[in-house]
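Shown next: coords.pdb, given as PDB, C-alpha atoms.
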```pdb
ATOM      1  CA  MET Z   1      16.948  21.696-149.023
ATOM      2  CA  LEU Z   2      17.986  22.458-152.603
ATOM      3  CA  GLU Z   3      21.383  23.743-151.419
ATOM      4  CA  THR Z   4      22.416  20.245-150.327
ATOM      5  CA  VAL Z   5      22.035  18.982-153.915
ATOM      6  CA  LEU Z   6      24.193  21.700-155.517
ATOM      7  CA  ILE Z   7      27.804  20.822-156.326
ATOM      8  CA  ASP Z   8      30.313  22.630-154.143
ATOM      9  CA  ASN Z   9      33.327  23.166-156.371
ATOM     10  CA  LYS Z  10      35.329  26.380-156.894
ATOM     11  CA  GLU Z  11      36.038  25.799-160.581
ATOM     12  CA  ILE Z  12      32.399  25.029-161.373
ATOM     13  CA  LYS Z  13      31.273  28.097-159.434
ATOM     14  CA  LYS Z  14      33.700  30.172-161.505
ATOM     15  CA  PHE Z  15      32.207  28.852-164.768
ATOM     16  CA  ILE Z  16      28.690  29.531-163.492
ATOM     17  CA  ALA Z  17      29.637  33.097-162.558
ATOM     18  CA  GLU Z  18      30.932  33.534-166.123
ATOM     19  CA  LYS Z  19      27.659  32.060-167.505
ATOM     20  CA  ASN Z  20      29.713  29.256-169.050
ATOM     21  CA  PHE Z  21      27.247  26.481-168.319
ATOM     22  CA  ALA Z  22      28.691  24.101-170.916
ATOM     23  CA  GLU Z  23      32.050  23.965-169.128
ATOM     24  CA  ALA Z  24      30.322  23.846-165.753
ATOM     25  CA  ALA Z  25      28.270  20.833-166.875
ATOM     26  CA  ARG Z  26      31.317  19.054-168.281
ATOM     27  CA  HIS Z  27      33.210  19.546-165.011
ATOM     28  CA  LEU Z  28      30.167  18.383-163.023
ATOM     29  CA  LEU Z  29      30.065  15.161-165.023
ATOM     30  CA  ASN Z  30      33.768  14.483-164.508
ATOM     31  CA  LEU Z  31      33.445  15.012-160.754
ATOM     32  CA  GLN Z  32      30.363  12.792-160.549
ATOM     33  CA  LYS Z  33      32.194   9.978-162.340
ATOM     34  CA  SER Z  34      34.629   9.849-159.433
ATOM     35  CA  SER Z  35      32.139  10.464-156.597
ATOM     36  CA  TRP Z  36      28.953   8.606-157.627
ATOM     37  CA  GLN Z  37      29.350   4.899-158.263
ATOM     38  CA  LYS Z  38      26.075   4.471-160.143
ATOM     39  CA  LEU Z  39      26.955   7.139-162.708
ATOM     40  CA  SER Z  40      30.510   5.848-162.979
ATOM     41  CA  ALA Z  41      29.171   2.355-163.724
ATOM     42  CA  GLY Z  42      26.838   3.787-166.355
ATOM     43  CA  TYR Z  43      29.722   5.390-168.210
ATOM     44  CA  LYS Z  44      31.899   2.307-167.905
ATOM     45  CA  SER Z  45      29.121   0.212-169.461
ATOM     46  CA  LEU Z  46      28.810   2.804-172.243
ATOM     47  CA  GLN Z  47      32.349   1.932-173.300
ATOM     48  CA  ASN Z  48      31.140  -1.559-174.183
ATOM     49  CA  VAL Z  49      28.041  -0.716-176.202
ATOM     50  CA  ARG Z  50      27.918  -2.055-179.733
ATOM     51  CA  THR Z  51      26.720  -0.038-182.697
ATOM     52  CA  LYS Z  52      25.911  -0.675-186.313
ATOM     53  CA  SER Z  53      24.975   1.744-189.082
ATOM     54  CA  LEU Z  54      22.062   1.583-191.474
ATOM     55  CA  GLU Z  55      22.536   3.714-194.585
ATOM     56  CA  PHE Z  56      19.472   5.204-196.275
ATOM     57  CA  ASP Z  57      19.330   7.464-199.315
ATOM     58  CA  GLY Z  58      20.853  10.696-198.016
ATOM     59  CA  TYR Z  59      20.921   9.925-194.295
ATOM     60  CA  SER Z  60      21.918   7.273-191.778
ATOM     61  CA  PHE Z  61      20.852   5.655-188.530
ATOM     62  CA  LYS Z  62      22.982   4.126-185.814
ATOM     63  CA  ILE Z  63      21.587   1.187-183.852
ATOM     64  CA  GLN Z  64      23.058   1.067-180.348
ATOM     65  CA  PHE Z  65      23.004  -2.074-178.199
ATOM     66  CA  ASN Z  66      22.937  -0.481-174.735
ATOM     67  CA  PRO Z  67      21.806  -2.824-171.921
ATOM     68  CA  GLY Z  68      22.058   0.046-169.437
ATOM     69  CA  ARG Z  69      18.957   1.653-170.979
ATOM     70  CA  ILE Z  70      16.633  -1.245-170.149
ATOM     71  CA  VAL Z  71      14.960   0.728-167.346
ATOM     72  CA  SER Z  72      14.099   3.665-169.616
ATOM     73  CA  SER Z  73      13.080   1.567-172.619
ATOM     74  CA  SER Z  74      10.744  -0.600-170.559
ATOM     75  CA  ALA Z  75       9.446   2.153-168.276
ATOM     76  CA  LYS Z  76       5.746   2.190-167.513
ATOM     77  CA  VAL Z  77       4.600   5.732-168.202
ATOM     78  CA  ASP Z  78       0.837   5.295-167.896
ATOM     79  CA  GLU Z  79      -0.922   7.575-165.446
ATOM     80  CA  LYS Z  80      -1.470   4.878-162.800
ATOM     81  CA  SER Z  81       2.156   3.681-162.797
ATOM     82  CA  VAL Z  82       3.511   7.233-162.653
ATOM     83  CA  SER Z  83       1.221   8.181-159.770
ATOM     84  CA  GLU Z  84       2.315   5.150-157.731
ATOM     85  CA  ARG Z  85       6.067   5.843-157.774
ATOM     86  CA  GLU Z  86       8.224   8.549-156.261
ATOM     87  CA  CYS Z  87       9.392  11.118-158.801
ATOM     88  CA  PHE Z  88      13.063  10.408-159.476
ATOM     89  CA  LEU Z  89      13.607  13.949-160.839
ATOM     90  CA  CYS Z  90      12.445  15.795-157.732
ATOM     91  CA  TYR Z  91      15.579  17.009-155.972
ATOM     92  CA  ARG Z  92      14.285  15.757-152.609
ATOM     93  CA  ASN Z  93      14.335  12.193-153.992
ATOM     94  CA  LEU Z  94      17.781  12.252-155.596
ATOM     95  CA  PRO Z  95      20.470   9.864-154.296
ATOM     96  CA  SER Z  96      22.736  11.552-151.757
ATOM     97  CA  GLU Z  97      25.701  11.150-154.156
ATOM     98  CA  GLN Z  98      23.966  12.948-157.026
ATOM     99  CA  LYS Z  99      24.824  16.636-157.305
ATOM    100  CA  GLY Z 100      23.762  19.299-159.763
ATOM    101  CA  ILE Z 101      24.109  22.846-161.057
ATOM    102  CA  LEU Z 102      21.349  25.405-160.614
ATOM    103  CA  TYR Z 103      20.422  26.965-163.965
ATOM    104  CA  ASP Z 104      18.300  30.108-164.260
ATOM    105  CA  GLU Z 105      17.168  29.616-160.634
ATOM    106  CA  ARG Z 106      14.622  27.057-161.909
ATOM    107  CA  PHE Z 107      16.415  24.041-163.379
ATOM    108  CA  LEU Z 108      18.874  21.565-161.932
ATOM    109  CA  ILE Z 109      21.454  20.246-164.420
ATOM    110  CA  LEU Z 110      22.318  16.661-163.471
ATOM    111  CA  GLY Z 111      24.558  13.958-164.877
ATOM    112  CA  ASN Z 112      22.453  11.151-166.355
ATOM    113  CA  PRO Z 113      23.480   7.795-164.801
ATOM    114  CA  PHE Z 114      22.040   5.852-167.766
ATOM    115  CA  PRO Z 115      23.880   7.549-170.637
ATOM    116  CA  ILE Z 116      23.317   7.271-174.375
ATOM    117  CA  PHE Z 117      25.633  10.144-175.322
ATOM    118  CA  PRO Z 118      29.337  10.253-174.425
ATOM    119  CA  GLU Z 119      28.254  13.130-172.163
ATOM    120  CA  HIS Z 120      24.608  13.021-171.111
ATOM    121  CA  PHE Z 121      22.620  15.318-168.810
ATOM    122  CA  THR Z 122      19.115  15.892-167.524
ATOM    123  CA  ALA Z 123      17.896  19.408-166.750
ATOM    124  CA  ALA Z 124      14.992  19.021-164.323
ATOM    125  CA  HIS Z 125      12.745  21.827-163.112
ATOM    126  CA  ILE Z 126      13.130  22.387-159.374
ATOM    127  CA  GLU Z 127       9.341  22.236-158.993
ATOM    128  CA  HIS Z 128       7.263  19.132-159.652
ATOM    129  CA  ILE Z 129       5.256  20.431-162.620
ATOM    130  CA  PRO Z 130       4.105  18.408-165.650
ATOM    131  CA  GLN Z 131       6.104  17.886-168.833
ATOM    132  CA  ARG Z 132       4.573  20.443-171.222
ATOM    133  CA  ILE Z 133       6.262  22.433-173.993
ATOM    134  CA  ILE Z 134       3.851  25.344-174.255
ATOM    135  CA  ARG Z 135       1.228  25.345-171.536
ATOM    136  CA  GLN Z 136       3.930  25.956-168.977
ATOM    137  CA  SER Z 137       4.365  29.519-170.227
ATOM    138  CA  ARG Z 138       8.166  29.601-170.439
ATOM    139  CA  THR Z 139       9.082  26.055-171.457
ATOM    140  CA  PHE Z 140       9.830  26.555-175.149
ATOM    141  CA  ASN Z 141      11.875  29.655-174.341
ATOM    142  CA  ASP Z 142      13.712  27.631-171.686
ATOM    143  CA  LEU Z 143      14.568  25.103-174.396
ATOM    144  CA  LEU Z 144      16.036  27.859-176.562
ATOM    145  CA  THR Z 145      18.055  29.544-173.831
ATOM    146  CA  LEU Z 146      19.386  26.269-172.426
ATOM    147  CA  SER Z 147      20.456  25.042-175.863
ATOM    148  CA  LYS Z 148      22.261  28.345-176.459
ATOM    149  CA  ASP Z 149      23.982  28.293-173.078
ATOM    150  CA  LEU Z 150      25.124  24.667-173.533
ATOM    151  CA  SER Z 151      25.864  25.001-177.249
ATOM    152  CA  GLU Z 152      29.645  24.806-177.006
ATOM    153  CA  PHE Z 153      29.367  21.053-176.446
ATOM    154  CA  TYR Z 154      25.723  19.941-176.388
ATOM    155  CA  THR Z 155      22.367  19.660-178.144
ATOM    156  CA  VAL Z 156      19.201  19.915-176.015
ATOM    157  CA  ILE Z 157      16.140  17.725-176.452
ATOM    158  CA  TYR Z 158      12.540  17.670-175.299
ATOM    159  CA  ASN Z 159      10.441  14.508-175.226
ATOM    160  CA  GLY Z 160       6.694  14.946-175.016
ATOM    161  CA  PRO Z 161       4.835  13.363-172.074
ATOM    162  CA  LYS Z 162       3.469  10.658-174.383
ATOM    163  CA  CYS Z 163       6.515  10.457-176.674
ATOM    164  CA  GLY Z 164       9.337   9.039-174.610
ATOM    165  CA  ALA Z 165       9.584  11.279-171.563
ATOM    166  CA  SER Z 166      10.782   9.059-168.736
ATOM    167  CA  ALA Z 167       9.038  11.344-166.221
ATOM    168  CA  PRO Z 168       5.901  12.753-167.892
ATOM    169  CA  ASP Z 169       4.894  14.271-164.559
ATOM    170  CA  HIS Z 170       8.059  16.375-164.128
ATOM    171  CA  LEU Z 171       9.242  19.054-166.545
ATOM    172  CA  HIS Z 172      12.727  18.309-167.856
ATOM    173  CA  PHE Z 173      15.046  18.416-170.855
ATOM    174  CA  GLN Z 174      18.013  16.278-171.788
ATOM    175  CA  ALA Z 175      21.332  17.413-173.242
ATOM    176  CA  GLY Z 176      23.976  15.385-174.997
ATOM    177  CA  SER Z 177      27.154  15.538-177.074
ATOM    178  CA  LYS Z 178      26.580  17.911-179.966
ATOM    179  CA  PHE Z 179      27.255  15.872-183.088
ATOM    180  CA  PHE Z 180      26.435  12.422-181.730
ATOM    181  CA  MET Z 181      23.069  12.198-183.495
ATOM    182  CA  PRO Z 182      23.488  11.817-187.273
ATOM    183  CA  ILE Z 183      20.774  14.356-188.045
ATOM    184  CA  ASN Z 184      22.954  17.179-186.701
ATOM    185  CA  ASN Z 185      25.523  16.454-189.424
ATOM    186  CA  GLU Z 186      23.081  15.433-192.167
ATOM    187  CA  PHE Z 187      20.337  18.021-191.735
ATOM    188  CA  GLN Z 188      21.147  20.204-194.749
ATOM    189  CA  GLN Z 189      21.271  17.312-197.198
ATOM    190  CA  ILE Z 190      18.060  15.830-195.734
ATOM    191  CA  ARG Z 191      16.276  19.174-196.044
ATOM    192  CA  ASN Z 192      17.548  19.688-199.604
ATOM    193  CA  LYS Z 193      16.567  16.189-200.729
ATOM    194  CA  TYR Z 194      13.330  15.571-198.840
ATOM    195  CA  GLY Z 195      12.157  18.969-197.645
ATOM    196  CA  GLU Z 196       9.987  21.811-198.810
ATOM    197  CA  ILE Z 197      10.731  25.331-197.632
ATOM    198  CA  LEU Z 198       7.479  26.990-196.611
ATOM    199  CA  TYR Z 199       8.984  30.346-195.742
ATOM    200  CA  GLU Z 200      12.385  31.951-196.092
ATOM    201  CA  GLN Z 201      13.697  35.385-195.315
ATOM    202  CA  LYS Z 202      16.950  36.782-193.975
ATOM    203  CA  ASN Z 203      16.641  35.462-190.445
ATOM    204  CA  LEU Z 204      13.981  32.741-190.721
ATOM    205  CA  ILE Z 205      13.607  29.463-192.611
ATOM    206  CA  VAL Z 206      10.634  27.182-192.006
ATOM    207  CA  ALA Z 207      10.645  23.800-193.754
ATOM    208  CA  VAL Z 208       8.682  20.541-193.702
ATOM    209  CA  ILE Z 209      10.519  17.274-194.304
ATOM    210  CA  ASP Z 210       9.395  13.718-195.068
ATOM    211  CA  ASP Z 211      12.406  11.432-195.551
ATOM    212  CA  GLY Z 212      10.482   8.153-195.614
ATOM    213  CA  LEU Z 213      10.995   7.332-191.938
ATOM    214  CA  ARG Z 214      10.326  10.652-190.215
ATOM    215  CA  ARG Z 215       8.055  13.624-190.789
ATOM    216  CA  PHE Z 216       9.192  16.802-189.130
ATOM    217  CA  ILE Z 217       9.197  20.595-189.120
ATOM    218  CA  SER Z 218      12.385  22.649-188.940
ATOM    219  CA  ILE Z 219      12.600  26.270-187.835
ATOM    220  CA  GLU Z 220      15.922  28.097-188.257
ATOM    221  CA  SER Z 221      16.517  31.591-186.924
ATOM    222  CA  ASP Z 222      18.889  33.711-184.858
ATOM    223  CA  ASP Z 223      15.925  35.580-183.336
ATOM    224  CA  SER Z 224      14.454  33.872-180.259
ATOM    225  CA  VAL Z 225      11.346  36.081-180.285
ATOM    226  CA  LEU Z 226      10.613  35.110-183.876
ATOM    227  CA  LEU Z 227      11.227  31.449-183.048
ATOM    228  CA  ARG Z 228       8.726  31.577-180.211
ATOM    229  CA  GLU Z 229       6.122  33.197-182.459
ATOM    230  CA  ILE Z 230       6.554  30.604-185.205
ATOM    231  CA  PHE Z 231       6.516  27.718-182.738
ATOM    232  CA  LYS Z 232       3.311  29.014-181.137
ATOM    233  CA  MET Z 233       1.710  29.296-184.567
ATOM    234  CA  PHE Z 234       2.835  25.763-185.470
ATOM    235  CA  TYR Z 235       1.618  24.372-182.153
ATOM    236  CA  GLU Z 236      -1.851  25.854-182.508
ATOM    237  CA  GLU Z 237      -2.250  24.351-185.991
ATOM    238  CA  TYR Z 238      -0.739  20.998-185.012
ATOM    239  CA  GLU Z 239      -3.090  20.765-182.045
ATOM    240  CA  THR Z 240      -6.073  20.865-184.397
ATOM    241  CA  ILE Z 241      -4.960  17.797-186.359
ATOM    242  CA  ASN Z 242      -3.286  15.850-183.536
ATOM    243  CA  PRO Z 243      -5.471  16.597-180.513
ATOM    244  CA  ASP Z 244      -4.668  15.054-177.160
ATOM    245  CA  THR Z 245      -5.763  15.712-173.615
ATOM    246  CA  ILE Z 246      -2.159  16.506-172.655
ATOM    247  CA  GLU Z 247      -0.351  17.924-175.711
ATOM    248  CA  PRO Z 248      -0.014  16.945-179.383
ATOM    249  CA  LEU Z 249       2.549  14.190-179.869
ATOM    250  CA  LEU Z 250       6.048  15.518-180.588
ATOM    251  CA  ASN Z 251       9.758  15.395-179.849
ATOM    252  CA  ILE Z 252      12.113  18.356-180.269
ATOM    253  CA  LEU Z 253      15.833  18.867-180.878
ATOM    254  CA  SER Z 254      17.310  22.338-180.354
ATOM    255  CA  PHE Z 255      20.731  22.932-181.898
ATOM    256  CA  TYR Z 256      22.512  26.299-181.658
ATOM    257  CA  ASN Z 257      25.662  27.785-183.146
ATOM    258  CA  GLU Z 258      27.032  31.321-183.015
ATOM    259  CA  ARG Z 259      26.961  31.928-186.785
ATOM    260  CA  SER Z 260      23.385  31.041-187.651
ATOM    261  CA  GLY Z 261      21.522  30.785-184.371
ATOM    262  CA  TRP Z 262      19.027  28.035-183.606
ATOM    263  CA  ARG Z 263      17.820  25.079-185.595
ATOM    264  CA  VAL Z 264      14.738  23.582-183.966
ATOM    265  CA  ILE Z 265      13.542  20.232-185.316
ATOM    266  CA  ILE Z 266      10.061  19.072-184.318
ATOM    267  CA  PHE Z 267       9.315  15.404-184.961
ATOM    268  CA  LEU Z 268       5.622  14.738-185.535
ATOM    269  CA  ARG Z 269       4.230  11.588-183.948
ATOM    270  CA  ALA Z 270       1.248   9.283-184.308
ATOM    271  CA  LYS Z 271       2.018   7.180-181.230
ATOM    272  CA  HIS Z 272       4.705   6.528-178.638
ATOM    273  CA  ARG Z 273       5.483   2.860-179.295
ATOM    274  CA  SER Z 274       4.845   0.718-182.333
ATOM    275  CA  SER Z 275       2.932  -2.576-182.296
ATOM    276  CA  HIS Z 276       6.269  -4.436-182.297
ATOM    277  CA  TYR Z 277       6.868  -3.277-178.715
ATOM    278  CA  PHE Z 278       3.759  -5.097-177.478
ATOM    279  CA  LYS Z 279       4.145  -8.372-179.363
ATOM    280  CA  GLU Z 280       5.028 -11.569-177.540
ATOM    281  CA  GLY Z 281       8.101 -13.772-177.803
ATOM    282  CA  LYS Z 282      10.394 -13.512-180.805
ATOM    283  CA  GLU Z 283       8.194 -10.890-182.460
ATOM    284  CA  ASN Z 284       8.710  -8.415-179.616
ATOM    285  CA  ILE Z 285      11.063  -5.471-180.300
ATOM    286  CA  LEU Z 286      11.938  -3.390-177.226
ATOM    287  CA  LEU Z 287      12.460  -0.110-179.091
ATOM    288  CA  SER Z 288      10.735   2.890-177.518
ATOM    289  CA  PRO Z 289      11.503   5.823-179.852
ATOM    290  CA  ALA Z 290      12.110   9.273-178.436
ATOM    291  CA  ALA Z 291      14.049  12.308-179.666
ATOM    292  CA  VAL Z 292      17.460  10.596-179.724
ATOM    293  CA  ASP Z 293      16.107   7.678-181.778
ATOM    294  CA  LEU Z 294      14.449  10.069-184.223
ATOM    295  CA  GLY Z 295      17.709  11.994-184.378
ATOM    296  CA  GLY Z 296      19.333   8.864-185.744
ATOM    297  CA  VAL Z 297      20.539   6.813-182.751
ATOM    298  CA  CYS Z 298      18.138   3.960-181.960
ATOM    299  CA  ILE Z 299      18.589   2.430-178.524
ATOM    300  CA  THR Z 300      18.127  -1.326-178.136
ATOM    301  CA  PRO Z 301      18.722  -2.660-174.609
ATOM    302  CA  LEU Z 302      18.313  -6.278-175.778
ATOM    303  CA  GLU Z 303      20.902  -7.975-177.989
ATOM    304  CA  LYS Z 304      18.266  -9.926-179.928
ATOM    305  CA  ASP Z 305      16.698  -6.652-181.087
ATOM    306  CA  PHE Z 306      20.065  -5.146-181.982
ATOM    307  CA  ASN Z 307      20.786  -8.169-184.183
ATOM    308  CA  LYS Z 308      17.315  -8.212-185.728
ATOM    309  CA  ILE Z 309      16.794  -4.566-186.672
ATOM    310  CA  ASP Z 310      17.584  -3.837-190.300
ATOM    311  CA  LYS Z 311      16.505  -1.096-192.702
ATOM    312  CA  GLU Z 312      13.200  -2.774-193.508
ATOM    313  CA  LEU Z 313      12.201  -3.353-189.889
ATOM    314  CA  LEU Z 314      13.302   0.126-188.776
ATOM    315  CA  THR Z 315      11.272   1.686-191.601
ATOM    316  CA  GLU Z 316       8.239  -0.346-190.552
ATOM    317  CA  ILE Z 317       8.533   0.765-186.927
ATOM    318  CA  PHE Z 318       9.126   4.431-187.722
ATOM    319  CA  GLN Z 319       6.332   4.670-190.270
ATOM    320  CA  GLU Z 320       3.958   3.379-187.604
ATOM    321  CA  ILE Z 321       4.955   5.889-184.930
ATOM    322  CA  THR Z 322       5.269   8.897-187.283
ATOM    323  CA  LEU Z 323       2.376  11.258-188.053
ATOM    324  CA  GLU Z 324       0.243   9.898-190.894
ATOM    325  CA  LYS Z 325       0.968  11.323-194.360
ATOM    326  CA  GLU Z 326      -2.555  12.693-194.824
ATOM    327  CA  LYS Z 327      -2.335  14.652-191.556
ATOM    328  CA  PHE Z 328       1.181  15.800-192.420
ATOM    329  CA  GLU Z 329      -0.009  17.188-195.763
ATOM    330  CA  HIS Z 330      -2.924  18.915-194.053
ATOM    331  CA  LEU Z 331      -0.587  20.487-191.494
ATOM    332  CA  LYS Z 332       1.677  21.632-194.322
ATOM    333  CA  SER Z 333      -1.230  23.411-196.043
ATOM    334  CA  LEU Z 334      -2.283  25.066-192.773
ATOM    335  CA  LEU Z 335       1.235  26.344-192.152
ATOM    336  CA  LYS Z 336       1.593  27.612-195.718
ATOM    337  CA  GLU Z 337      -1.548  29.657-195.266
ATOM    338  CA  LYS Z 338      -0.425  31.067-191.926
ATOM    339  CA  LEU Z 339       3.055  31.946-193.196
ATOM    340  CA  LYS Z 340       1.855  33.926-196.226
TER     341      LYS Z 340
END
```
In structure tokens, how does this file's structure come out?
Amino acid sequence: MLETVLIDNKEIKKFIAEKNFAEAARHLLNLQKSSWQKLSAGYKSLQNVRTKSLEFDGYSFKIQFNPGRIVSSSAKVDEKSVSERECFLCYRNLPSEQKGILYDERFLILGNPFPIFPEHFTAAHIEHIPQRIIRQSRTFNDLLTLSKDLSEFYTVIYNGPKCGASAPDHLHFQAGSKFFMPINNEFQQIRNKYGEILYEQKNLIVAVIDDGLRRFISIESDDSVLLREIFKMFYEEYETINPDTIEPLLNILSFYNERSGWRVIIFLRAKHRSSHYFKEGKENILLSPAAVDLGGVCITPLEKDFNKIDKELLTEIFQEITLEKEKFEHLKSLLKEKLK
């Protein structure tokens, strides 16, 4: 029964009644640290992670040595492997100690026991339905509403089923500390230096950006209806140049503030993992980029990779997994035409 998974706490229930899901999530995490040993251990190990910064022209990346992420980084996400394991996001399969918050009667907000962020959550759909951003009719809107409702403290992310989603068979988002990813602080200077604005009016800015490592689309608006329309238009055009049997390859960050509304960043992908991931011996690099990595925090669960990755190697990896320049330019021309 779903009720047995929900946290029973008066203060959290008060925050939920007030629609203050950011505070409710923060309190959930604090309670779980004291009541669930696995999550507590995950956060204790996070205190010992090592980081280093790589400075590029106008933006930065952090490389994080985080042994606790070995399970996610090395996860087998092919169809056969996924079909042969129990879904760890289905509430019926959760550990008895894991508790959550019901959001919009359809999502369960859970503390993530393998954190990257100082505060890290998963929002899993209560039904076992596939990870899709648009073919599940409400998913993109769910991303917008969740990022608004958690915006006091958190940014919300979506990883495509072939672009880093740990459970491609179960619809979910992740949420993490708001300014942890460098791109949230550096976005304006990146857009000004490397971007081209395709459309701008009072409550909508659409831009395309190529900063040398990443190619992405940004949509900024305080109007959720307009955002959904623009995203649908983008998706239909992107699907024509990056076709896939599941969905075109992408990762999404949704950032919200009260003054300007949403900023949705859509990273365009050529593949999930670079050739370095599959090499043998010393040449192997266990870096499996998803939205957090593209946002500027690259997770390396192995110390050898943390020591080895420099600007040149990171550029090589990212250029391989990012949408090809020719396709990016074609998408740009398609969007320009549609936005006229």
Matched chain/residue IDs from the PyMOL selection byres ((chain Z and resi 281-292) around 8), as a ChimeraX atom specification: /Z:73-74,157-159,163-165,181,251-253,267,272-274,276-280,293-302,305
Mind dumping a table of every segment 200-222 of chain Z residue within 12 Å of segment 325-329 of chain Z, with the nearest atom pair and its distance in Å to one decimal, using all atoms listed in the file, sorted by chain and rising number, as a tab-separated table?
```
residue	atom	partner	partner_atom	distance
Z:Val208	CA	Z:Phe328	CA	9.0
Z:Ile209	CA	Z:Phe328	CA	9.6
Z:Asp210	CA	Z:Lys325	CA	8.8
Z:Asp211	CA	Z:Lys325	CA	11.5
Z:Gly212	CA	Z:Lys325	CA	10.1
Z:Leu213	CA	Z:Lys325	CA	11.1
Z:Arg214	CA	Z:Lys325	CA	10.3
Z:Arg215	CA	Z:Phe328	CA	7.4
Z:Phe216	CA	Z:Phe328	CA	8.7
Z:Ile217	CA	Z:Phe328	CA	9.9
```
Residues around (3.0, 15.4, -184.4), cut-off 7 Å, counting all atoms listed in the file - what are they as a PyMOL selection string? chain Z and resi 238+242+248-250+267-270+323
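Proximity to Thr145 of chain Z was assessed for Z:Glu86, Z:Glu127, Z:Asp223, Z:Asp169 counting all atoms listed in the file; the smallest distance is recorded for Z:Asp223.
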Expand the PyMOL selection byres ((chain Z and resi 177) around 8) into the explicit residue set it covers here, and present it as a list in words. Phe117, Pro118, Glu119, His120, Phe153, Tyr154, Thr155, Ala175, Gly176, Lys178, Phe179 and Phe180 of chain Z
Please write as a list in words the full residue list that the PyMOL selection byres ((chain Z and resi 338) around 10) yields on this file.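 Against this file, the PyMOL selection byres ((chain Z and resi 338) around 10) returns the residues Ile230, Met233, Phe234, Glu237, Lys332, Ser333, Leu334, Leu335, Lys336, Glu337, Leu339 and Lys340 of chain Z.
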So what do you get for atom CA of Gly160 of chain Z versus atom CA of Phe140 of chain Z, distance-wise? 12.0 Å
For a quick check of understanding, using all atoms listed in the file, which of Z:Leu146, Z:Ala24, Z:Val5, Z:Ile133 has the smallest distance to Gln98 of chain Z?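 Ranking Z:Leu146, Z:Ala24, Z:Val5, Z:Ile133 by distance to Gln98 of chain Z, first place goes to Z:Val5.
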As an exercise, work out the distance from atom CA of Ser260 of chain Z to atom CA of Phe107 of chain Z in Å and give it to one decimal place.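 Interatomic distance, atom CA of Ser260 of chain Z to atom CA of Phe107 of chain Z: 26.2 Å.
Residue nearest Glu186 of chain Z, chosen from Z:Pro161, Z:Leu94, Z:Phe61, Z:Ile266 and counting all atoms listed in the file: Z:Phe61.
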